[in-house]
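J.: Contents of start33.cif (mmCIF, C-alpha atoms and all ligand atoms) are given next:
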```cif
data_protein
loop_
_atom_site.group_PDB
_atom_site.id
_atom_site.type_symbol
_atom_site.label_atom_id
_atom_site.label_comp_id
_atom_site.auth_asym_id
_atom_site.auth_seq_id
_atom_site.Cartn_x
_atom_site.Cartn_y
_atom_site.Cartn_z
ATOM 1 C CA MET H 30 -21.918 -7.047 10.747
ATOM 2 C CA ASN H 31 -23.539 -6.797 7.341
ATOM 3 C CA VAL H 32 -22.046 -8.657 4.374
ATOM 4 C CA VAL H 33 -22.968 -6.755 1.197
ATOM 5 C CA ARG H 34 -22.278 -8.111 -2.279
ATOM 6 C CA LYS H 35 -24.526 -6.025 -4.510
ATOM 7 C CA ILE H 36 -24.028 -2.322 -5.134
ATOM 8 C CA LEU H 37 -27.747 -1.640 -4.653
ATOM 9 C CA GLU H 38 -27.635 -3.211 -1.198
ATOM 10 C CA LEU H 39 -25.161 -0.608 0.055
ATOM 11 C CA THR H 40 -27.242 1.732 2.173
ATOM 12 C CA LYS H 41 -26.374 5.249 3.282
ATOM 13 C CA LEU H 42 -25.032 5.048 6.833
ATOM 14 C CA ASP H 43 -25.727 7.657 9.515
ATOM 15 C CA GLY H 44 -22.987 9.608 11.245
ATOM 16 C CA SER H 45 -19.328 9.516 10.277
ATOM 17 C CA VAL H 46 -18.291 6.679 7.989
ATOM 18 C CA GLY H 47 -14.771 5.258 8.028
ATOM 19 C CA PHE H 48 -13.766 3.264 4.971
ATOM 20 C CA VAL H 49 -10.970 0.706 4.608
ATOM 21 C CA PRO H 50 -10.504 -0.570 1.042
ATOM 22 C CA THR H 51 -8.607 -3.865 0.833
ATOM 23 C CA MET H 52 -7.935 -6.806 -1.466
ATOM 24 C CA GLY H 53 -8.672 -9.224 1.377
ATOM 25 C CA ALA H 54 -6.425 -11.903 2.893
ATOM 26 C CA LEU H 55 -6.673 -9.648 5.924
ATOM 27 C CA HIS H 56 -3.804 -9.451 8.389
ATOM 28 C CA GLU H 57 -2.856 -7.222 11.324
ATOM 29 C CA GLY H 58 -1.920 -4.393 8.918
ATOM 30 C CA HIS H 59 -5.470 -4.252 7.563
ATOM 31 C CA LEU H 60 -6.933 -4.764 11.027
ATOM 32 C CA SER H 61 -4.989 -1.768 12.386
ATOM 33 C CA LEU H 62 -6.772 0.399 9.791
ATOM 34 C CA ILE H 63 -10.180 -1.067 10.677
ATOM 35 C CA ARG H 64 -9.570 -0.538 14.406
ATOM 36 C CA GLU H 65 -8.542 3.091 13.851
ATOM 37 C CA SER H 66 -11.659 3.673 11.764
ATOM 38 C CA LYS H 67 -13.778 2.074 14.481
ATOM 39 C CA ARG H 68 -12.119 4.323 17.089
ATOM 40 C CA CYS H 69 -12.746 7.517 15.113
ATOM 41 C CA CYS H 70 -15.972 6.981 13.151
ATOM 42 C CA SER H 71 -19.521 5.971 14.007
ATOM 43 C CA ARG H 72 -19.579 3.319 11.270
ATOM 44 C CA THR H 73 -16.825 1.360 9.521
ATOM 45 C CA VAL H 74 -17.054 -0.113 6.033
ATOM 46 C CA VAL H 75 -14.396 -2.532 4.782
ATOM 47 C CA SER H 76 -14.270 -3.523 1.131
ATOM 48 C CA VAL H 77 -12.678 -6.703 -0.165
ATOM 49 C CA PHE H 78 -12.031 -6.650 -3.875
ATOM 50 C CA VAL H 79 -9.116 -8.246 -5.698
ATOM 51 C CA ASN H 80 -8.900 -5.539 -8.311
ATOM 52 C CA PRO H 81 -8.007 -7.043 -11.702
ATOM 53 C CA LEU H 82 -7.189 -3.585 -13.119
ATOM 54 C CA GLN H 83 -4.171 -3.168 -10.862
ATOM 55 C CA PHE H 84 -2.492 -6.463 -11.819
ATOM 56 C CA GLY H 85 -0.132 -6.709 -14.763
ATOM 57 C CA PRO H 86 -0.427 -9.622 -17.216
ATOM 58 C CA ALA H 87 2.513 -11.440 -15.588
ATOM 59 C CA GLU H 88 1.309 -10.820 -12.024
ATOM 60 C CA ASP H 89 -0.441 -13.019 -9.489
ATOM 61 C CA LEU H 90 -4.157 -12.170 -10.012
ATOM 62 C CA ALA H 91 -5.296 -15.785 -10.391
ATOM 63 C CA LYS H 92 -3.398 -17.085 -7.386
ATOM 64 C CA TYR H 93 -3.960 -14.062 -5.118
ATOM 65 C CA PRO H 94 -5.273 -15.487 -1.806
ATOM 66 C CA ARG H 95 -9.051 -15.180 -1.265
ATOM 67 C CA PRO H 96 -9.895 -16.578 2.194
ATOM 68 C CA GLU H 97 -13.352 -15.005 2.223
ATOM 69 C CA SER H 98 -14.974 -16.459 5.323
ATOM 70 C CA LYS H 99 -11.860 -15.782 7.409
ATOM 71 C CA ASP H 100 -11.817 -12.187 6.112
ATOM 72 C CA ILE H 101 -15.436 -11.716 7.157
ATOM 73 C CA GLU H 102 -14.625 -13.047 10.631
ATOM 74 C CA LEU H 103 -11.516 -10.877 11.012
ATOM 75 C CA ALA H 104 -13.167 -7.696 9.746
ATOM 76 C CA GLU H 105 -16.006 -8.201 12.208
ATOM 77 C CA SER H 106 -13.651 -8.924 15.096
ATOM 78 C CA ALA H 107 -11.771 -5.665 14.380
ATOM 79 C CA GLY H 108 -15.016 -3.668 14.469
ATOM 80 C CA ALA H 109 -16.310 -3.401 10.885
ATOM 81 C CA ASP H 110 -20.057 -2.747 10.558
ATOM 82 C CA VAL H 111 -20.252 -3.541 6.851
ATOM 83 C CA ILE H 112 -18.044 -5.683 4.642
ATOM 84 C CA PHE H 113 -18.560 -4.923 0.971
ATOM 85 C CA ILE H 114 -17.475 -7.765 -1.333
ATOM 86 C CA PRO H 115 -18.492 -6.626 -4.821
ATOM 87 C CA GLU H 116 -18.520 -8.972 -7.768
ATOM 88 C CA ALA H 117 -16.031 -8.049 -10.492
ATOM 89 C CA ALA H 118 -18.751 -8.395 -13.128
ATOM 90 C CA GLU H 119 -20.851 -5.724 -11.423
ATOM 91 C CA LEU H 120 -18.085 -3.322 -10.401
ATOM 92 C CA LEU H 121 -16.415 -3.543 -13.809
ATOM 93 C CA ASP H 122 -19.522 -3.881 -15.988
ATOM 94 C CA SER H 123 -18.041 -1.298 -18.299
ATOM 95 C CA ASN H 124 -14.613 0.160 -17.952
ATOM 96 C CA LEU H 125 -14.476 3.063 -20.365
ATOM 97 C CA THR H 126 -13.564 5.738 -17.832
ATOM 98 C CA THR H 127 -10.281 5.548 -15.977
ATOM 99 C CA ILE H 128 -8.344 7.825 -13.663
ATOM 100 C CA GLN H 129 -4.755 8.639 -14.374
ATOM 101 C CA VAL H 130 -2.842 10.525 -11.710
ATOM 102 C CA SER H 131 0.158 12.066 -13.442
ATOM 103 C CA GLY H 132 3.536 12.884 -11.963
ATOM 104 C CA VAL H 133 3.476 11.013 -8.675
ATOM 105 C CA SER H 134 2.631 7.744 -10.425
ATOM 106 C CA ASP H 135 5.256 8.053 -13.181
ATOM 107 C CA LEU H 136 8.188 6.328 -11.483
ATOM 108 C CA PHE H 137 8.944 3.329 -9.257
ATOM 109 C CA GLU H 138 5.801 1.176 -8.886
ATOM 110 C CA GLY H 139 4.151 3.139 -11.705
ATOM 111 C CA GLU H 140 7.077 2.534 -14.028
ATOM 112 C CA ARG H 141 7.633 -1.122 -13.082
ATOM 113 C CA ARG H 142 3.933 -1.964 -13.134
ATOM 114 C CA PRO H 143 2.406 -0.109 -16.111
ATOM 115 C CA GLY H 144 -1.302 0.584 -15.546
ATOM 116 C CA HIS H 145 -1.079 -0.342 -11.853
ATOM 117 C CA PHE H 146 -1.909 3.057 -10.366
ATOM 118 C CA GLU H 147 -4.512 3.779 -13.013
ATOM 119 C CA GLY H 148 -6.197 0.536 -11.931
ATOM 120 C CA VAL H 149 -5.895 1.426 -8.247
ATOM 121 C CA ALA H 150 -7.147 5.013 -8.665
ATOM 122 C CA THR H 151 -10.073 4.000 -10.881
ATOM 123 C CA ILE H 152 -11.362 1.290 -8.551
ATOM 124 C CA VAL H 153 -10.695 3.201 -5.325
ATOM 125 C CA CYS H 154 -12.526 6.225 -6.754
ATOM 126 C CA LYS H 155 -15.503 4.031 -7.681
ATOM 127 C CA LEU H 156 -15.499 2.543 -4.165
ATOM 128 C CA PHE H 157 -15.320 6.052 -2.651
ATOM 129 C CA ASN H 158 -18.384 7.055 -4.685
ATOM 130 C CA LEU H 159 -20.294 3.968 -3.583
ATOM 131 C CA VAL H 160 -19.377 4.070 0.111
ATOM 132 C CA ARG H 161 -19.302 7.889 0.482
ATOM 133 C CA PRO H 162 -16.965 7.898 3.478
ATOM 134 C CA THR H 163 -16.156 10.690 5.894
ATOM 135 C CA THR H 164 -12.616 9.329 6.244
ATOM 136 C CA ALA H 165 -10.752 6.668 4.278
ATOM 137 C CA TYR H 166 -7.836 4.748 5.799
ATOM 138 C CA PHE H 167 -4.728 3.490 4.005
ATOM 139 C CA GLY H 168 -1.416 1.997 5.099
ATOM 140 C CA LEU H 169 1.917 3.750 4.616
ATOM 141 C CA LYS H 170 3.309 0.340 3.658
ATOM 142 C CA ASP H 171 2.162 1.222 0.121
ATOM 143 C CA ARG H 172 3.680 4.672 0.264
ATOM 144 C CA GLN H 173 3.448 5.627 -3.390
ATOM 145 C CA GLN H 174 -0.187 4.491 -3.414
ATOM 146 C CA CYS H 175 -0.887 6.906 -0.529
ATOM 147 C CA VAL H 176 0.707 9.766 -2.475
ATOM 148 C CA VAL H 177 -1.202 8.894 -5.669
ATOM 149 C CA LEU H 178 -4.536 8.714 -3.824
ATOM 150 C CA ARG H 179 -3.852 11.940 -1.919
ATOM 151 C CA GLN H 180 -3.223 13.646 -5.257
ATOM 152 C CA MET H 181 -6.401 12.170 -6.748
ATOM 153 C CA VAL H 182 -8.548 13.259 -3.779
ATOM 154 C CA HIS H 183 -7.048 16.747 -4.001
ATOM 155 C CA ASP H 184 -7.332 17.105 -7.778
ATOM 156 C CA LEU H 185 -10.898 15.772 -7.977
ATOM 157 C CA ASN H 186 -12.042 17.690 -4.858
ATOM 158 C CA LEU H 187 -13.331 14.503 -3.291
ATOM 159 C CA PRO H 188 -15.141 15.524 -0.115
ATOM 160 C CA PHE H 189 -13.548 13.484 2.679
ATOM 161 C CA GLN H 190 -10.369 13.007 4.677
ATOM 162 C CA LEU H 191 -7.580 10.510 4.085
ATOM 163 C CA GLU H 192 -5.658 8.970 6.954
ATOM 164 C CA PHE H 193 -2.378 7.135 6.422
ATOM 165 C CA LEU H 194 -1.315 4.759 9.172
ATOM 166 C CA PRO H 195 2.071 3.223 10.027
ATOM 167 C CA THR H 196 3.276 -0.087 8.639
ATOM 168 C CA ILE H 197 2.624 -3.077 10.876
ATOM 169 C CA ARG H 198 5.578 -5.478 10.978
ATOM 170 C CA GLU H 199 6.442 -8.962 12.132
ATOM 171 C CA SER H 200 8.717 -9.027 15.185
ATOM 172 C CA ASP H 201 11.734 -9.473 12.866
ATOM 173 C CA GLY H 202 10.829 -6.297 10.936
ATOM 174 C CA LEU H 203 9.217 -7.803 7.830
ATOM 175 C CA ALA H 204 6.240 -5.658 6.809
ATOM 176 C CA LEU H 205 3.024 -7.683 6.882
ATOM 177 C CA SER H 206 1.726 -8.382 3.394
ATOM 178 C CA SER H 207 -0.801 -10.775 1.893
ATOM 179 C CA ARG H 208 2.022 -11.851 -0.433
ATOM 180 C CA ASN H 209 4.327 -13.045 2.364
ATOM 181 C CA ILE H 210 2.630 -16.455 2.200
ATOM 182 C CA TYR H 211 4.331 -17.017 -1.159
ATOM 183 C CA LEU H 212 7.782 -16.992 0.490
ATOM 184 C CA SER H 213 9.514 -20.324 0.953
ATOM 185 C CA LYS H 214 11.014 -21.042 4.368
ATOM 186 C CA PHE H 215 14.442 -19.998 3.092
ATOM 187 C CA GLU H 216 13.079 -16.785 1.539
ATOM 188 C CA ARG H 217 11.073 -15.966 4.662
ATOM 189 C CA ALA H 218 14.295 -16.153 6.675
ATOM 190 C CA LYS H 219 15.956 -13.719 4.248
ATOM 191 C CA ALA H 220 12.991 -11.332 3.966
ATOM 192 C CA PRO H 221 13.721 -9.177 7.076
ATOM 193 C CA PHE H 222 16.938 -7.984 5.358
ATOM 194 C CA LEU H 223 14.747 -5.693 3.277
ATOM 195 C CA TYR H 224 13.705 -3.569 6.259
ATOM 196 C CA ALA H 225 17.180 -3.950 7.778
ATOM 197 C CA SER H 226 18.682 -2.475 4.611
ATOM 198 C CA LEU H 227 16.323 0.499 4.818
ATOM 199 C CA GLN H 228 17.346 1.063 8.423
ATOM 200 C CA GLU H 229 21.021 0.697 7.591
ATOM 201 C CA THR H 230 20.698 3.190 4.724
ATOM 202 C CA ARG H 231 18.791 5.615 6.935
ATOM 203 C CA ASN H 232 21.404 5.338 9.695
ATOM 204 C CA THR H 233 24.281 5.920 7.291
ATOM 205 C CA LEU H 234 22.594 8.992 5.799
ATOM 206 C CA GLY H 235 21.600 10.231 9.254
ATOM 207 C CA ARG H 236 25.191 10.051 10.575
ATOM 208 C CA HIS H 237 26.239 12.836 8.197
ATOM 209 C CA SER H 238 25.169 16.365 9.021
ATOM 210 C CA GLU H 239 24.826 17.347 5.363
ATOM 211 C CA PRO H 240 25.206 14.374 3.030
ATOM 212 C CA ASP H 241 25.844 15.529 -0.542
ATOM 213 C CA GLU H 242 24.540 13.992 -3.759
ATOM 214 C CA ALA H 243 27.572 11.742 -4.238
ATOM 215 C CA PHE H 244 27.372 10.419 -0.680
ATOM 216 C CA VAL H 245 23.655 9.654 -1.042
ATOM 217 C CA ALA H 246 24.229 7.871 -4.371
ATOM 218 C CA GLU H 247 27.115 5.851 -2.954
ATOM 219 C CA THR H 248 25.168 4.860 0.168
ATOM 220 C CA LEU H 249 22.220 3.707 -1.938
ATOM 221 C CA ALA H 250 24.488 1.744 -4.274
ATOM 222 C CA GLN H 251 26.261 0.036 -1.372
ATOM 223 C CA ASN H 252 22.993 -1.026 0.211
ATOM 224 C CA ARG H 253 21.632 -2.303 -3.118
ATOM 225 C CA ASP H 254 24.748 -4.481 -3.308
ATOM 226 C CA VAL H 255 24.196 -5.770 0.215
ATOM 227 C CA LEU H 256 20.653 -6.800 -0.720
ATOM 228 C CA SER H 257 21.848 -8.482 -3.916
ATOM 229 C CA ALA H 258 24.411 -10.422 -1.887
ATOM 230 C CA GLU H 259 21.511 -11.638 0.294
ATOM 231 C CA MET H 260 19.797 -13.117 -2.810
ATOM 232 C CA PHE H 261 17.403 -10.223 -3.451
ATOM 233 C CA GLU H 262 16.834 -9.143 -7.024
ATOM 234 C CA VAL H 263 16.700 -5.402 -6.395
ATOM 235 C CA ASP H 264 14.243 -3.357 -8.436
ATOM 236 C CA TYR H 265 15.028 -0.110 -6.683
ATOM 237 C CA LEU H 266 16.375 1.288 -3.444
ATOM 238 C CA ASP H 267 16.033 5.031 -3.680
ATOM 239 C CA LEU H 268 15.615 8.249 -1.804
ATOM 240 C CA VAL H 269 12.532 10.178 -2.957
ATOM 241 C CA ASP H 270 10.784 13.388 -2.142
ATOM 242 C CA GLU H 271 7.439 12.461 -0.560
ATOM 243 C CA ALA H 272 5.384 15.125 -2.348
ATOM 244 C CA SER H 273 6.559 14.503 -5.910
ATOM 245 C CA PHE H 274 7.681 10.884 -5.577
ATOM 246 C CA LYS H 275 10.771 11.749 -7.605
ATOM 247 C CA PRO H 276 14.370 10.938 -6.622
ATOM 248 C CA THR H 277 16.050 13.472 -4.388
ATOM 249 C CA SER H 278 19.428 13.776 -2.709
ATOM 250 C CA LYS H 279 18.081 15.983 0.046
ATOM 251 C CA VAL H 280 17.949 14.306 3.409
ATOM 252 C CA ASP H 281 15.144 16.004 5.292
ATOM 253 C CA ALA H 282 11.733 15.399 6.853
ATOM 254 C CA ASN H 283 10.171 15.077 3.388
ATOM 255 C CA SER H 284 12.503 12.397 2.102
ATOM 256 C CA ILE H 285 11.640 8.724 2.131
ATOM 257 C CA LEU H 286 13.684 5.647 1.426
ATOM 258 C CA ILE H 287 11.801 3.195 -0.746
ATOM 259 C CA VAL H 288 12.716 -0.315 -1.750
ATOM 260 C CA ALA H 289 11.303 -3.026 -3.992
ATOM 261 C CA ALA H 290 13.026 -6.360 -4.458
ATOM 262 C CA LYS H 291 12.219 -9.881 -5.415
ATOM 263 C CA LEU H 292 13.005 -12.941 -3.360
ATOM 264 C CA GLY H 293 12.538 -15.841 -5.725
ATOM 265 C CA THR H 294 9.269 -14.984 -7.464
ATOM 266 C CA THR H 295 7.847 -12.858 -4.643
ATOM 267 C CA ARG H 296 8.159 -9.104 -4.973
ATOM 268 C CA LEU H 297 8.341 -7.198 -1.684
ATOM 269 C CA ILE H 298 8.147 -3.437 -1.122
ATOM 270 C CA ASP H 299 8.883 -1.341 1.938
ATOM 271 C CA ASN H 300 9.769 2.223 2.907
ATOM 272 C CA VAL H 301 10.845 4.407 5.826
ATOM 273 C CA SER H 302 11.017 8.126 6.468
ATOM 274 C CA VAL H 303 14.624 9.233 6.648
ATOM 275 C CA LEU H 304 14.138 11.673 9.495
ATOM 276 C CA PRO H 305 11.382 11.718 12.081
ATOM 277 C CA VAL H 306 8.526 13.881 10.705
HETATM 278 P P1 LIG S 401 -4.143 -4.510 0.205
HETATM 279 O O1 LIG S 401 -5.159 -5.490 0.667
HETATM 280 O O2 LIG S 401 -2.766 -5.056 0.088
HETATM 281 O O3 LIG S 401 -4.606 -3.737 -1.011
HETATM 282 O O4 LIG S 401 -4.055 -3.433 1.354
HETATM 283 C C1 LIG S 401 -5.184 -2.742 1.827
HETATM 284 C C2 LIG S 401 -4.740 -1.627 2.733
HETATM 285 O O5 LIG S 401 -3.991 -2.164 3.825
HETATM 286 C C3 LIG S 401 -3.818 -0.630 2.012
HETATM 287 O O6 LIG S 401 -4.126 0.675 2.461
HETATM 288 C C4 LIG S 401 -2.452 -1.071 2.476
HETATM 289 O O7 LIG S 401 -1.494 -0.030 2.455
HETATM 290 C C5 LIG S 401 -2.754 -1.497 3.915
HETATM 291 N N1 LIG S 401 -1.693 -2.387 4.412
HETATM 292 C C6 LIG S 401 -1.174 -3.486 3.787
HETATM 293 N N2 LIG S 401 -0.169 -4.001 4.532
HETATM 294 C C7 LIG S 401 -0.038 -3.219 5.625
HETATM 295 C C8 LIG S 401 0.826 -3.227 6.759
HETATM 296 N N3 LIG S 401 1.770 -4.148 6.919
HETATM 297 N N4 LIG S 401 0.672 -2.255 7.684
HETATM 298 C C9 LIG S 401 -0.291 -1.307 7.542
HETATM 299 N N5 LIG S 401 -1.142 -1.242 6.498
HETATM 300 C C10 LIG S 401 -1.022 -2.178 5.550
#
```
Go ahead and render the structure in this file as structure tokens.
T.:
Amino acid sequence: MNVVRKILELTKLDGSVGFVPTMGALHEGHLSLIRESKRCCSRTVVSVFVNPLQFGPAEDLAKYPRPESKDIELAESAGADVIFIPEAAELLDSNLTTIQVSGVSDLFEGERRPGHFEGVATIVCKLFNLVRPTTAYFGLKDRQQCVVLRQMVHDLNLPFQLEFLPTIRESDGLALSSRNIYLSKFERAKAPFLYASLQETRNTLGRHSEPDEAFVAETLAQNRDVLSAEMFEVDYLDLVDEASFKPTSKVDANSILIVAAKLGTTRLIDNVSVLPV
């Protein structure tokens, strides 16, 4: 596997190129994307870049984990051909042009983390231009990010496919995340309640043939309360329409339950489709 740190050292690869952008601290969630790329494409490029543009001033940029040599080992073991680890100074040498994806980035993560999706879209677009993939792979764990990037690729006519892959979880249901290491032992024991609350909400909504607006609102409110009682500081637990990423009270194949909540100082997000798609 090739470790590339300089933009000029990125060479054009033959055949189909799968691309997996990451912020490193690789875990099984990332590796599932790399393995799928390896299965489907002749070459796989993984990038590791802790993108300063997507962190808010009060967020964890400085302490974000950066286990570089382990990442290189893991990416190689999952089948990456190239690992691109750009230096911030080179990738962000000037930052006068940014990409703003309207609508789908207005609410939820976009609202709670001003500038977050602009930072994601700008850097991911730059990485797309450098790597020139045939297919890029992302995890549904960051559902709104998938929708924002899909919109960007559509609106800018970027010439490749996007693939979104299922969330990889611990055996107790907690979605894998590089941020899980911040959880104390007590918080780690509580963390699976987040996914459990999504499942509970989904089951309650699914038991009704045609849940109306009031029933949806009441179910969401009840499950927010359950999470609060379990020590979560709930940011949102909502039902959204996948295409617009706006709240909906329609329970159908396009609706998703999304949640964000803090346990202590660690903010966790998760989501599930309400009905099988
Ligand atoms: P990150 O390093 O957190 O920016 O994530 C890089 C990519 O891995 C993104 O496409 C994420 O959605 C994806 N990812 C993160 N966690 C998981 C997970 N538990 N399951 C599947 N994909 C994930």
J.: Hey, what's within 10 Å of H:Val79 if we count only C-alpha atoms and toss same-chain stuff fewer than 5 positions away? As a PyMOL selection string, please?
T.: chain H and resi 51-54+84+90-91+93-95+114-117
J.: If the limit is 7 Å from any atom of ligand LIG 401 (chain S), counting all atoms listed in the file, which residues qualify? Return them as a short mmCIF file (atom, residue, chain, number, x, y, z; two decimals) with C-alpha atoms, in the frame of the given file.
T.:
```cif
data_model
loop_
_atom_site.label_atom_id
_atom_site.label_comp_id
_atom_site.auth_asym_id
_atom_site.auth_seq_id
_atom_site.Cartn_x
_atom_site.Cartn_y
_atom_site.Cartn_z
CA VAL H 49 -10.97 0.71 4.61
CA PRO H 50 -10.50 -0.57 1.04
CA THR H 51 -8.61 -3.86 0.83
CA MET H 52 -7.94 -6.81 -1.47
CA GLY H 53 -8.67 -9.22 1.38
CA ALA H 54 -6.42 -11.90 2.89
CA LEU H 55 -6.67 -9.65 5.92
CA GLY H 58 -1.92 -4.39 8.92
CA HIS H 59 -5.47 -4.25 7.56
CA SER H 61 -4.99 -1.77 12.39
CA LEU H 62 -6.77 0.40 9.79
CA TYR H 166 -7.84 4.75 5.80
CA PHE H 167 -4.73 3.49 4.00
CA GLY H 168 -1.42 2.00 5.10
CA LEU H 169 1.92 3.75 4.62
CA LYS H 170 3.31 0.34 3.66
CA ASP H 171 2.16 1.22 0.12
CA LEU H 194 -1.32 4.76 9.17
CA PRO H 195 2.07 3.22 10.03
CA THR H 196 3.28 -0.09 8.64
CA ILE H 197 2.62 -3.08 10.88
CA ARG H 198 5.58 -5.48 10.98
CA ALA H 204 6.24 -5.66 6.81
CA LEU H 205 3.02 -7.68 6.88
CA SER H 206 1.73 -8.38 3.39
CA SER H 207 -0.80 -10.78 1.89
#
```
J.: Between H:Ala165, H:Leu37, H:Asp184, H:Asp110, which residue has the minimum interatomic distance to H:Gln129, considering all atoms listed in the file?
T.: H:Asp184
J.: Can you give me, as a list in words, the residues this file yields under the PyMOL selection byres (((chain H and resi 160) around 10) and not hetatm)?
T.: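 With the PyMOL selection byres (((chain H and resi 160) around 10) and not hetatm) on this model, the match is Ile36, Leu39, Thr40, Lys41, Leu42, Val46, Gly47, Phe48, Val74, Val75, Ser76, Phe113, Cys154, Lys155, Leu156, Phe157, Asn158, Leu159, Arg161, Pro162, Thr163 and Ala165 of chain H.
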J.: Could you tell me which of H:Thr127, H:Gln174, H:Thr164, H:Asn300 comes closest to H:Thr73 if we count all atoms listed in the file?
T.: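 Answer, going by the shortest atom-to-atom distance: H:Thr164.
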J.: Rounded to one decimal place, report the atom CA of H:Ser213-atom CA of H:Leu82 distance in Å.
T.: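 So the two atoms, atom CA of H:Ser213 and atom CA of H:Leu82, lie 27.5 Å apart.
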J.: Generate a file for stretch 202-208 of chain H, containing all heavy atoms, as a short mmCIF file (atom, residue, chain, number, x, y, z; two decimals), in the first residue's frame.
T.:
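The result, written out as result06.cif:
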```cif
data_model
loop_
_atom_site.label_atom_id
_atom_site.label_comp_id
_atom_site.auth_asym_id
_atom_site.auth_seq_id
_atom_site.Cartn_x
_atom_site.Cartn_y
_atom_site.Cartn_z
N GLY H 202 -25.52 -2.72 20.27
CA GLY H 202 -26.30 -1.79 19.44
C GLY H 202 -25.65 -0.43 19.26
O GLY H 202 -26.02 0.31 18.34
N LEU H 203 -24.69 -0.07 20.09
CA LEU H 203 -24.06 1.25 19.95
C LEU H 203 -23.36 1.35 18.58
O LEU H 203 -22.55 0.48 18.24
CB LEU H 203 -23.05 1.47 21.09
CG LEU H 203 -22.23 2.78 20.99
CD1 LEU H 203 -23.11 4.01 21.11
CD2 LEU H 203 -21.13 2.80 22.05
N ALA H 204 -23.67 2.40 17.84
CA ALA H 204 -23.02 2.60 16.54
C ALA H 204 -21.55 2.90 16.78
O ALA H 204 -21.19 3.71 17.64
CB ALA H 204 -23.68 3.77 15.81
N LEU H 205 -20.66 2.23 16.01
CA LEU H 205 -19.24 2.52 16.16
C LEU H 205 -18.97 3.97 15.78
O LEU H 205 -19.55 4.49 14.83
CB LEU H 205 -18.41 1.61 15.24
CG LEU H 205 -18.46 0.12 15.50
CD1 LEU H 205 -17.36 -0.57 14.69
CD2 LEU H 205 -18.29 -0.21 16.96
N SER H 206 -18.11 4.62 16.54
CA SER H 206 -17.74 5.99 16.26
C SER H 206 -16.37 6.25 16.88
O SER H 206 -16.07 5.73 17.97
CB SER H 206 -18.77 6.95 16.87
OG SER H 206 -18.22 8.25 16.96
N SER H 207 -15.58 7.06 16.19
CA SER H 207 -14.25 7.41 16.74
C SER H 207 -14.40 8.14 18.07
O SER H 207 -13.46 8.22 18.85
CB SER H 207 -13.48 8.28 15.76
OG SER H 207 -13.52 7.72 14.48
N ARG H 208 -15.58 8.71 18.31
CA ARG H 208 -15.79 9.48 19.55
C ARG H 208 -16.19 8.61 20.73
O ARG H 208 -16.24 9.12 21.86
CB ARG H 208 -16.84 10.57 19.32
CG ARG H 208 -16.34 11.68 18.39
CD ARG H 208 -17.28 12.86 18.34
NE ARG H 208 -16.64 14.02 17.76
CZ ARG H 208 -16.79 14.44 16.49
NH1 ARG H 208 -17.56 13.77 15.67
NH2 ARG H 208 -16.16 15.51 16.06
#
```
